[in-house]
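Printed here is final.txt (compact mmCIF, C-alpha atoms):
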```
# COMPACT_ATOMS: atom_id res chain seq x y z
CA MET L 12 71.42 95.92 127.79
CA GLU L 13 74.61 97.84 128.55
CA ASN L 14 76.66 95.38 126.49
CA ASN L 15 74.25 95.78 123.56
CA ILE L 16 74.60 99.55 123.75
CA THR L 17 78.39 99.25 123.85
CA ASN L 18 78.47 96.90 120.87
CA GLU L 19 76.12 99.13 118.92
CA HIS L 20 78.28 102.15 119.70
CA SER L 21 81.40 100.24 118.66
CA MET L 22 79.77 99.51 115.29
CA HIS L 23 78.96 103.21 114.98
CA LEU L 24 82.62 104.16 115.56
CA LYS L 25 83.77 101.61 112.99
CA ASP L 26 81.22 102.86 110.47
CA GLN L 27 82.55 106.35 111.08
CA LEU L 28 86.06 105.12 110.22
CA ARG L 29 84.74 103.61 106.98
CA GLN L 30 83.05 106.87 106.04
CA LEU L 31 86.34 108.68 106.64
CA GLY L 32 88.04 106.28 104.24
CA LEU L 33 90.33 104.80 106.89
CA PRO L 34 91.57 101.19 106.85
CA TYR L 35 90.02 98.19 108.55
CA LYS L 36 93.05 97.67 110.82
CA LEU L 37 91.88 100.61 112.93
CA HIS L 38 88.72 98.65 113.77
CA GLU L 39 90.84 96.26 115.84
CA GLN L 40 92.06 99.18 117.94
CA ILE L 41 88.47 100.24 118.58
CA ASP L 42 87.79 96.69 119.83
CA TYR L 43 90.88 96.81 122.05
CA TYR L 44 89.92 100.05 123.79
CA GLN L 45 86.37 98.83 124.23
CA GLN L 46 87.57 95.59 125.84
CA MET L 47 89.93 97.53 128.12
CA ASP L 48 87.14 99.98 128.98
CA ILE L 49 89.32 102.95 127.95
CA LEU L 50 87.20 105.91 126.88
CA GLU L 51 89.85 108.49 125.97
CA PHE L 52 92.41 107.41 123.37
CA THR L 53 94.07 108.30 120.06
CA LEU L 54 94.20 106.22 116.89
CA PRO L 55 97.20 107.07 114.66
CA HIS L 56 97.37 106.22 110.96
CA TRP L 57 100.36 106.88 108.69
CA ILE L 58 100.16 107.18 104.90
CA PRO L 59 103.52 107.00 103.08
CA GLU L 60 103.45 108.20 99.48
CA ASN L 61 106.43 108.80 97.16
CA GLY L 62 108.69 109.96 99.96
CA SER L 63 106.04 112.03 101.73
CA LEU L 64 104.34 111.00 104.96
CA THR L 65 100.88 111.92 106.20
CA LEU L 66 99.88 111.31 109.81
CA ILE L 67 96.21 111.17 110.76
CA GLU L 68 95.42 111.17 114.48
CA LEU L 69 91.88 110.50 115.66
CA HIS L 70 91.28 111.72 119.21
CA TYR L 71 88.42 110.14 121.15
CA LYS L 72 86.90 111.46 124.37
CA PRO L 73 83.97 110.34 126.56
CA ASP L 74 80.64 112.12 126.06
CA THR L 75 77.93 112.85 128.63
CA GLN L 76 76.70 109.24 128.33
CA ASN L 77 80.20 107.96 129.09
CA LEU L 78 80.71 106.65 125.56
CA SER L 79 83.77 107.35 123.44
CA VAL L 80 83.17 109.82 120.62
CA LEU L 81 85.47 111.13 117.92
CA ASP L 82 86.30 114.62 119.16
CA THR L 83 89.17 115.93 117.02
CA ILE L 84 91.12 114.90 113.93
CA ASP L 85 94.71 116.09 113.52
CA ILE L 86 96.28 115.76 110.07
CA SER L 87 99.95 116.46 109.31
CA TYR L 88 101.54 116.31 105.87
CA ARG L 89 105.31 115.98 105.61
CA PRO L 90 106.68 116.58 102.10
CA PRO L 91 109.53 114.41 100.81
CA ILE L 92 112.78 115.17 102.62
CA GLU L 93 115.86 115.44 100.43
CA ILE L 94 119.17 114.52 102.04
CA LYS L 95 122.11 116.39 100.52
CA ASP L 96 124.83 114.26 98.95
CA ARG L 97 127.86 114.82 101.15
CA THR L 98 130.83 112.78 102.27
CA VAL L 99 131.52 113.34 105.95
CA GLY L 100 134.61 111.47 107.08
CA ASP L 101 134.09 108.01 105.59
CA ILE L 102 130.27 108.31 105.54
CA ASN L 103 128.28 109.31 102.47
CA THR L 104 125.00 110.86 103.56
CA LYS L 105 123.00 109.72 100.50
CA GLU L 106 124.20 106.15 100.91
CA LEU L 107 123.26 106.26 104.59
CA ASP L 108 119.85 107.62 103.59
CA GLU L 109 119.38 104.65 101.25
CA LYS L 110 120.48 102.20 103.94
CA MET L 111 117.97 103.63 106.40
CA ALA L 112 115.24 103.48 103.75
CA SER L 113 115.88 99.74 103.31
CA ILE L 114 115.09 99.00 106.98
CA ASN L 115 111.68 98.65 108.61
CA TRP L 116 111.97 100.92 111.65
CA THR L 117 108.50 100.30 113.06
CA TYR L 118 109.73 97.74 115.61
CA ASP L 119 112.72 97.26 117.91
CA HIS L 120 115.29 95.20 116.00
CA PHE L 121 117.24 94.55 119.19
CA SER L 122 114.50 93.21 121.42
CA GLU L 123 115.42 89.80 122.82
CA ARG L 124 112.70 88.01 120.88
CA ILE L 125 113.63 89.58 117.52
CA VAL L 126 117.35 88.93 118.00
CA ASP L 127 116.69 85.30 118.90
CA GLU L 128 114.60 84.86 115.75
CA ASP L 129 117.08 86.65 113.49
CA MET L 130 120.02 84.61 114.75
CA LYS L 131 118.33 81.40 113.57
CA THR L 132 118.73 82.18 109.85
CA ALA L 133 121.46 83.53 107.60
CA SER L 134 119.12 86.20 106.22
CA GLY L 135 118.16 87.22 109.76
CA ARG L 136 121.79 87.53 110.84
CA LYS L 137 122.55 89.53 107.70
CA MET L 138 119.70 91.94 108.45
CA LEU L 139 120.83 92.32 112.06
CA ASP L 140 124.35 93.17 110.88
CA HIS L 141 122.89 95.63 108.36
CA VAL L 142 120.86 97.42 111.05
CA SER L 143 123.84 97.50 113.44
CA GLU L 144 126.16 98.93 110.78
CA THR L 145 123.59 101.55 109.77
CA LEU L 146 123.05 102.67 113.37
CA HIS L 147 126.81 102.77 113.91
CA GLN L 148 127.27 105.09 110.91
CA LEU L 149 124.36 107.25 112.04
CA ASP L 150 125.87 107.51 115.50
CA GLN L 151 129.25 108.46 114.02
CA LEU L 152 127.68 111.10 111.81
CA HIS L 153 125.93 112.63 114.79
CA ASP L 154 128.61 112.41 117.48
CA ASN L 155 131.93 112.93 115.70
CA LYS L 156 132.94 116.52 116.44
CA ILE L 157 135.52 116.60 113.63
CA HIS L 158 134.04 114.33 110.95
CA GLY L 159 130.37 114.65 111.80
CA ASP L 160 127.20 116.40 110.71
CA LYS L 161 124.67 116.49 113.55
CA GLU L 162 122.03 118.35 111.60
CA THR L 163 121.99 115.81 108.76
CA ALA L 164 122.00 112.93 111.25
CA GLN L 165 119.03 114.41 113.06
CA LEU L 166 117.23 114.97 109.76
CA LEU L 167 117.83 111.32 108.79
CA MET L 168 116.34 110.18 112.10
CA TYR L 169 113.32 112.38 111.62
CA LYS L 170 112.86 111.22 108.02
CA HIS L 171 113.01 107.49 108.74
CA TRP L 172 111.92 107.15 112.36
CA THR L 173 108.77 109.31 112.54
CA SER L 174 106.39 106.33 112.59
CA GLY L 175 106.78 103.30 114.80
CA TYR L 176 109.09 102.22 117.60
CA TYR L 177 112.10 104.38 116.77
CA SER L 178 110.13 107.65 116.87
CA ARG L 179 110.97 107.84 120.59
CA PHE L 180 114.62 108.40 119.64
CA VAL L 181 113.97 111.34 117.30
CA GLU L 182 115.47 114.30 119.10
CA ASP L 183 113.29 117.43 119.33
CA LEU L 184 110.52 115.76 117.35
CA SER L 185 108.00 118.53 118.03
CA ALA L 186 110.48 121.15 116.79
CA MET L 187 111.16 119.09 113.66
CA LYS L 188 107.45 118.83 112.98
CA LYS L 189 107.10 122.61 113.12
CA LEU L 190 109.96 122.98 110.66
CA TYR L 191 108.85 120.47 108.05
CA GLU L 192 105.17 119.63 108.43
CA TYR L 193 101.91 121.24 107.34
CA SER L 194 99.15 120.51 109.81
CA ARG L 195 95.50 121.07 110.54
CA SER L 196 93.29 120.22 113.50
CA ILE L 197 89.56 119.72 112.94
CA LYS L 198 86.91 119.65 115.64
CA VAL L 199 84.40 117.02 114.53
CA ASP L 200 81.13 118.23 116.14
CA GLY L 201 79.04 116.02 113.87
CA GLN L 202 80.20 117.67 110.66
CA ASN L 203 81.05 115.73 107.51
CA ILE L 204 84.81 115.68 107.07
CA SER L 205 86.80 114.67 103.99
CA ILE L 206 90.26 113.66 105.14
CA GLN L 207 91.44 113.37 101.54
CA ASN L 208 90.36 116.94 100.78
CA ILE L 209 92.25 118.23 103.81
CA ILE L 210 95.38 116.32 102.79
CA GLU L 211 95.15 117.83 99.30
CA GLN L 212 94.80 121.30 100.84
CA LEU L 213 97.93 120.74 102.93
CA LYS L 214 99.81 119.55 99.84
CA GLU L 215 98.69 122.69 98.02
CA GLN L 216 99.88 124.80 100.94
CA TYR L 217 103.29 123.15 100.60
CA LYS L 218 103.39 123.80 96.84
CA ILE L 219 102.57 127.48 97.39
CA SER L 220 105.34 127.81 99.98
CA VAL L 221 107.82 126.28 97.52
CA GLN L 222 106.72 128.63 94.76
CA GLN L 223 107.09 131.59 97.09
CA LYS L 224 110.42 130.16 98.28
CA LEU L 225 109.43 130.46 101.92
CA PRO L 226 112.03 129.19 104.39
CA VAL L 227 111.18 125.75 105.75
CA LYS L 228 114.34 125.05 107.67
CA ARG L 229 116.50 126.65 110.33
CA GLU L 230 119.41 125.49 112.44
CA LEU L 231 118.40 122.82 114.93
CA PRO L 232 119.38 122.62 118.60
CA ASP L 233 122.81 121.10 119.14
CA LYS L 234 122.19 118.03 121.28
CA THR L 235 123.33 114.41 121.25
CA ILE L 236 121.44 111.31 120.22
CA GLY L 237 124.12 108.65 120.64
CA ARG L 238 123.40 107.93 124.28
CA GLN L 239 119.68 107.69 123.58
CA THR L 240 120.07 105.06 120.88
CA ARG L 241 122.39 103.02 123.05
CA LYS L 242 119.79 102.87 125.82
CA ARG L 243 117.98 100.26 123.76
CA GLY L 244 120.78 97.81 124.47
CA GLN L 245 122.36 97.31 121.07
CA SER L 246 126.09 97.68 120.62
CA LEU L 247 127.00 100.36 118.11
```

Rendering of file as structure tokens:
Amino acid sequence: MENNITNEHSMHLKDQLRQLGLPYKLHEQIDYYQQMDILEFTLPHWIPENGSLTLIELHYKPDTQNLSVLDTIDISYRPPIEIKDRTVGDINTKELDEKMASINWTYDHFSERIVDEDMKTASGRKMLDHVSETLHQLDQLHDNKIHGDKETAQLLMYKHWTSGYYSRFVEDLSAMKKLYEYSRSIKVDGQNISIQNIIEQLKEQYKISVQQKLPVKRELPDKTIGRQTRKRGQSL
């Protein structure tokens, strides 16, 4: 009986995801947490669109019957980030931006398994060299006290590493979010919620701030990222 109740509740959670207009891949995560008997968890979903990035976070908590329920939805909209065209030392910031955009940063390129696979093919070795060169330039841009630009380097990391594995290396991520993102948190409480409408409202909020020329950027803390990136084991 308990298993039937759990399965029925799992179907309810998945139906809720469908009603919210969220993709099927999130259903697999519901199954995972059910199998692991984890009642409190968060499902993240990123939506890239023409340079912008929207993050939807679904927060689940146990109810009085010890079943997971959707408690809160957090939605953050990040407008497109423009990197200024500058030449710093021998690094052009726009070219570095384009290089970073050409790489899938959602996984660790230097994990043992990935490196072993990449080294088997010419295209894999070429990609590994491309990632290494890009990280080396990014590290130089950030760490070089004479020919460097830490703020632009940090902005590049935030722009390209927000979703996936490399997000852990974005310095002061919470501060960056406050600077560049428009967010809203919604308590579910059984109400009908249109995620798309909320995203459109956040986009409109951004447009209004641009029209009013409100400041969206200030100087960021002066810290280093080079040592953090090297902790992953790659040689830069």

### Message
Measuring between all atoms listed in the file, which one of L:Asn203, L:Thr53, L:Ser194, L:Ser143 shows the shortest distance to Pro90 (chain L)?
### Response
L:Ser194

Within 12 Å of region 164-183 of chain L: each region 119-155 of chain L residue with its shortest pair, only C-alpha atoms, as JSON lines:
```
{"residue": "L:Asp119", "atom": "CA", "partner": "L:Tyr176", "partner_atom": "CA", "distance": 6.2}
{"residue": "L:His120", "atom": "CA", "partner": "L:Tyr176", "partner_atom": "CA", "distance": 9.5}
{"residue": "L:Phe121", "atom": "CA", "partner": "L:Tyr176", "partner_atom": "CA", "distance": 11.3}
{"residue": "L:Ser122", "atom": "CA", "partner": "L:Tyr176", "partner_atom": "CA", "distance": 11.2}
{"residue": "L:Thr145", "atom": "CA", "partner": "L:Leu167", "partner_atom": "CA", "distance": 11.4}
{"residue": "L:Leu146", "atom": "CA", "partner": "L:Met168", "partner_atom": "CA", "distance": 10.2}
{"residue": "L:His147", "atom": "CA", "partner": "L:Ala164", "partner_atom": "CA", "distance": 11.6}
{"residue": "L:Gln148", "atom": "CA", "partner": "L:Ala164", "partner_atom": "CA", "distance": 9.5}
{"residue": "L:Leu149", "atom": "CA", "partner": "L:Ala164", "partner_atom": "CA", "distance": 6.2}
{"residue": "L:Asp150", "atom": "CA", "partner": "L:Ala164", "partner_atom": "CA", "distance": 7.9}
{"residue": "L:Gln151", "atom": "CA", "partner": "L:Ala164", "partner_atom": "CA", "distance": 9.0}
{"residue": "L:Leu152", "atom": "CA", "partner": "L:Ala164", "partner_atom": "CA", "distance": 6.0}
{"residue": "L:His153", "atom": "CA", "partner": "L:Ala164", "partner_atom": "CA", "distance": 5.3}
{"residue": "L:Asp154", "atom": "CA", "partner": "L:Ala164", "partner_atom": "CA", "distance": 9.1}
{"residue": "L:Asn155", "atom": "CA", "partner": "L:Ala164", "partner_atom": "CA", "distance": 10.9}
```

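With CA of Val99 (chain L) on one side and CA of Glu144 (chain L) on the other, the separation reads 16.1 Å.
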
Could you produce a table of the residues of region 164-217 of chain L lying within 10 Å of region 81-84 of chain L, with the nearest pair of atoms per residue and their separation in Å rounded to one decimal, using only C-alpha atoms, ordered by chain and increasing residue number, as a Markdown table?
```
| residue | atom | partner | partner_atom | distance |
| --- | --- | --- | --- | --- |
| L:Arg195 | CA | L:Ile84 | CA | 8.3 |
| L:Ser196 | CA | L:Ile84 | CA | 5.8 |
| L:Ile197 | CA | L:Ile84 | CA | 5.2 |
| L:Lys198 | CA | L:Thr83 | CA | 4.6 |
| L:Val199 | CA | L:Thr83 | CA | 5.5 |
| L:Asp200 | CA | L:Asp82 | CA | 7.0 |
| L:Gly201 | CA | L:Leu81 | CA | 9.0 |
| L:Ile204 | CA | L:Ile84 | CA | 9.4 |
| L:Ile206 | CA | L:Ile84 | CA | 8.9 |
```

Take the residues from that selection and put them in a file with C-alpha atoms, as a short mmCIF file (atom, residue, chain, number, x, y, z; two decimals), keeping the file's coordinate frame.
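See part-v7.cif below for the written result:
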```cif
data_model
loop_
_atom_site.label_atom_id
_atom_site.label_comp_id
_atom_site.auth_asym_id
_atom_site.auth_seq_id
_atom_site.Cartn_x
_atom_site.Cartn_y
_atom_site.Cartn_z
CA ARG L 195 95.50 121.07 110.54
CA SER L 196 93.29 120.22 113.50
CA ILE L 197 89.56 119.72 112.94
CA LYS L 198 86.91 119.65 115.64
CA VAL L 199 84.40 117.02 114.53
CA ASP L 200 81.13 118.23 116.14
CA GLY L 201 79.04 116.02 113.87
CA ILE L 204 84.81 115.68 107.07
CA ILE L 206 90.26 113.66 105.14
#
```

### Query
Interatomic distance between CA of Lys189 (chain L) and CA of Pro55 (chain L)?
18.5 Å

All file atoms of region 153-160 of chain L boxed axis-aligned, 8 Å per side, centre plus edges, as JSON:
```
{"center_x": 130.7, "center_y": 114.5, "center_z": 114.1, "size_x": 25.6, "size_y": 20.2, "size_z": 22.8}
```

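Using all atoms listed in the file, the smallest distance between any of L:Lys131, L:Lys105, L:Arg136, L:Arg89 and Lys188 (chain L) comes from L:Arg89.
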
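The shortest atom-to-atom distance to Gln202 (chain L), with all atoms listed in the file taken into account, belongs to L:Gln27 out of L:Ser185, L:Ser220, L:Gln27, L:Ser63.
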
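CA of Thr98 (chain L) to CA of His158 (chain L) spans 9.4 Å [interatomic distance, one decimal].
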
Can you sort out region 132-154 of chain L so it carries N, CA and C atoms, written as a PDB file, in the coordinates of the input?
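The resulting result12.pdb:
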```pdb
ATOM      1  N   THR L 132     118.581  82.293 111.304  1.00  0.00           N
ATOM      2  CA  THR L 132     118.730  82.180 109.850  1.00  0.00           C
ATOM      3  C   THR L 132     119.836  83.088 109.347  1.00  0.00           C
ATOM      4  N   ALA L 133     120.395  82.713 108.197  1.00  0.00           N
ATOM      5  CA  ALA L 133     121.460  83.530 107.600  1.00  0.00           C
ATOM      6  C   ALA L 133     120.921  84.898 107.192  1.00  0.00           C
ATOM      7  N   SER L 134     119.702  84.924 106.641  1.00  0.00           N
ATOM      8  CA  SER L 134     119.120  86.200 106.220  1.00  0.00           C
ATOM      9  C   SER L 134     118.836  87.091 107.433  1.00  0.00           C
ATOM     10  N   GLY L 135     118.419  86.466 108.540  1.00  0.00           N
ATOM     11  CA  GLY L 135     118.160  87.220 109.760  1.00  0.00           C
ATOM     12  C   GLY L 135     119.433  87.823 110.330  1.00  0.00           C
ATOM     13  N   ARG L 136     120.506  87.031 110.337  1.00  0.00           N
ATOM     14  CA  ARG L 136     121.790  87.530 110.840  1.00  0.00           C
ATOM     15  C   ARG L 136     122.326  88.648 109.949  1.00  0.00           C
ATOM     16  N   LYS L 137     122.106  88.496 108.643  1.00  0.00           N
ATOM     17  CA  LYS L 137     122.550  89.530 107.700  1.00  0.00           C
ATOM     18  C   LYS L 137     121.799  90.835 107.947  1.00  0.00           C
ATOM     19  N   MET L 138     120.493  90.744 108.181  1.00  0.00           N
ATOM     20  CA  MET L 138     119.700  91.940 108.450  1.00  0.00           C
ATOM     21  C   MET L 138     120.126  92.599 109.758  1.00  0.00           C
ATOM     22  N   LEU L 139     120.394  91.784 110.774  1.00  0.00           N
ATOM     23  CA  LEU L 139     120.830  92.320 112.060  1.00  0.00           C
ATOM     24  C   LEU L 139     122.154  93.061 111.917  1.00  0.00           C
ATOM     25  N   ASP L 140     123.067  92.497 111.138  1.00  0.00           N
ATOM     26  CA  ASP L 140     124.350  93.170 110.880  1.00  0.00           C
ATOM     27  C   ASP L 140     124.123  94.477 110.113  1.00  0.00           C
ATOM     28  N   HIS L 141     123.191  94.443 109.168  1.00  0.00           N
ATOM     29  CA  HIS L 141     122.890  95.630 108.360  1.00  0.00           C
ATOM     30  C   HIS L 141     122.340  96.756 109.243  1.00  0.00           C
ATOM     31  N   VAL L 142     121.430  96.415 110.147  1.00  0.00           N
ATOM     32  CA  VAL L 142     120.860  97.420 111.050  1.00  0.00           C
ATOM     33  C   VAL L 142     121.939  97.965 111.984  1.00  0.00           C
ATOM     34  N   SER L 143     122.778  97.073 112.521  1.00  0.00           N
ATOM     35  CA  SER L 143     123.840  97.500 113.440  1.00  0.00           C
ATOM     36  C   SER L 143     124.825  98.438 112.745  1.00  0.00           C
ATOM     37  N   GLU L 144     125.219  98.091 111.524  1.00  0.00           N
ATOM     38  CA  GLU L 144     126.160  98.930 110.780  1.00  0.00           C
ATOM     39  C   GLU L 144     125.543 100.295 110.467  1.00  0.00           C
ATOM     40  N   THR L 145     124.266 100.293 110.097  1.00  0.00           N
ATOM     41  CA  THR L 145     123.590 101.550 109.770  1.00  0.00           C
ATOM     42  C   THR L 145     123.499 102.453 110.994  1.00  0.00           C
ATOM     43  N   LEU L 146     123.130 101.883 112.140  1.00  0.00           N
ATOM     44  CA  LEU L 146     123.050 102.670 113.370  1.00  0.00           C
ATOM     45  C   LEU L 146     124.424 103.171 113.799  1.00  0.00           C
ATOM     46  N   HIS L 147     125.443 102.359 113.567  1.00  0.00           N
ATOM     47  CA  HIS L 147     126.810 102.770 113.910  1.00  0.00           C
ATOM     48  C   HIS L 147     127.224 103.987 113.074  1.00  0.00           C
ATOM     49  N   GLN L 148     126.931 103.955 111.777  1.00  0.00           N
ATOM     50  CA  GLN L 148     127.270 105.090 110.910  1.00  0.00           C
ATOM     51  C   GLN L 148     126.468 106.328 111.297  1.00  0.00           C
ATOM     52  N   LEU L 149     125.205 106.130 111.629  1.00  0.00           N
ATOM     53  CA  LEU L 149     124.360 107.250 112.040  1.00  0.00           C
ATOM     54  C   LEU L 149     124.896 107.877 113.324  1.00  0.00           C
ATOM     55  N   ASP L 150     125.308 107.032 114.240  1.00  0.00           N
ATOM     56  CA  ASP L 150     125.870 107.510 115.500  1.00  0.00           C
ATOM     57  C   ASP L 150     127.166 108.282 115.257  1.00  0.00           C
ATOM     58  N   GLN L 151     128.000 107.768 114.368  1.00  0.00           N
ATOM     59  CA  GLN L 151     129.250 108.460 114.020  1.00  0.00           C
ATOM     60  C   GLN L 151     128.972 109.818 113.400  1.00  0.00           C
ATOM     61  N   LEU L 152     128.020 109.851 112.484  1.00  0.00           N
ATOM     62  CA  LEU L 152     127.680 111.100 111.810  1.00  0.00           C
ATOM     63  C   LEU L 152     127.210 112.142 112.807  1.00  0.00           C
ATOM     64  N   HIS L 153     126.492 111.692 113.816  1.00  0.00           N
ATOM     65  CA  HIS L 153     125.930 112.630 114.790  1.00  0.00           C
ATOM     66  C   HIS L 153     126.953 113.064 115.837  1.00  0.00           C
ATOM     67  N   ASP L 154     127.793 112.136 116.302  1.00  0.00           N
ATOM     68  CA  ASP L 154     128.610 112.410 117.480  1.00  0.00           C
ATOM     69  C   ASP L 154     130.036 112.875 117.196  1.00  0.00           C
TER      70      ASP L 154
END
```
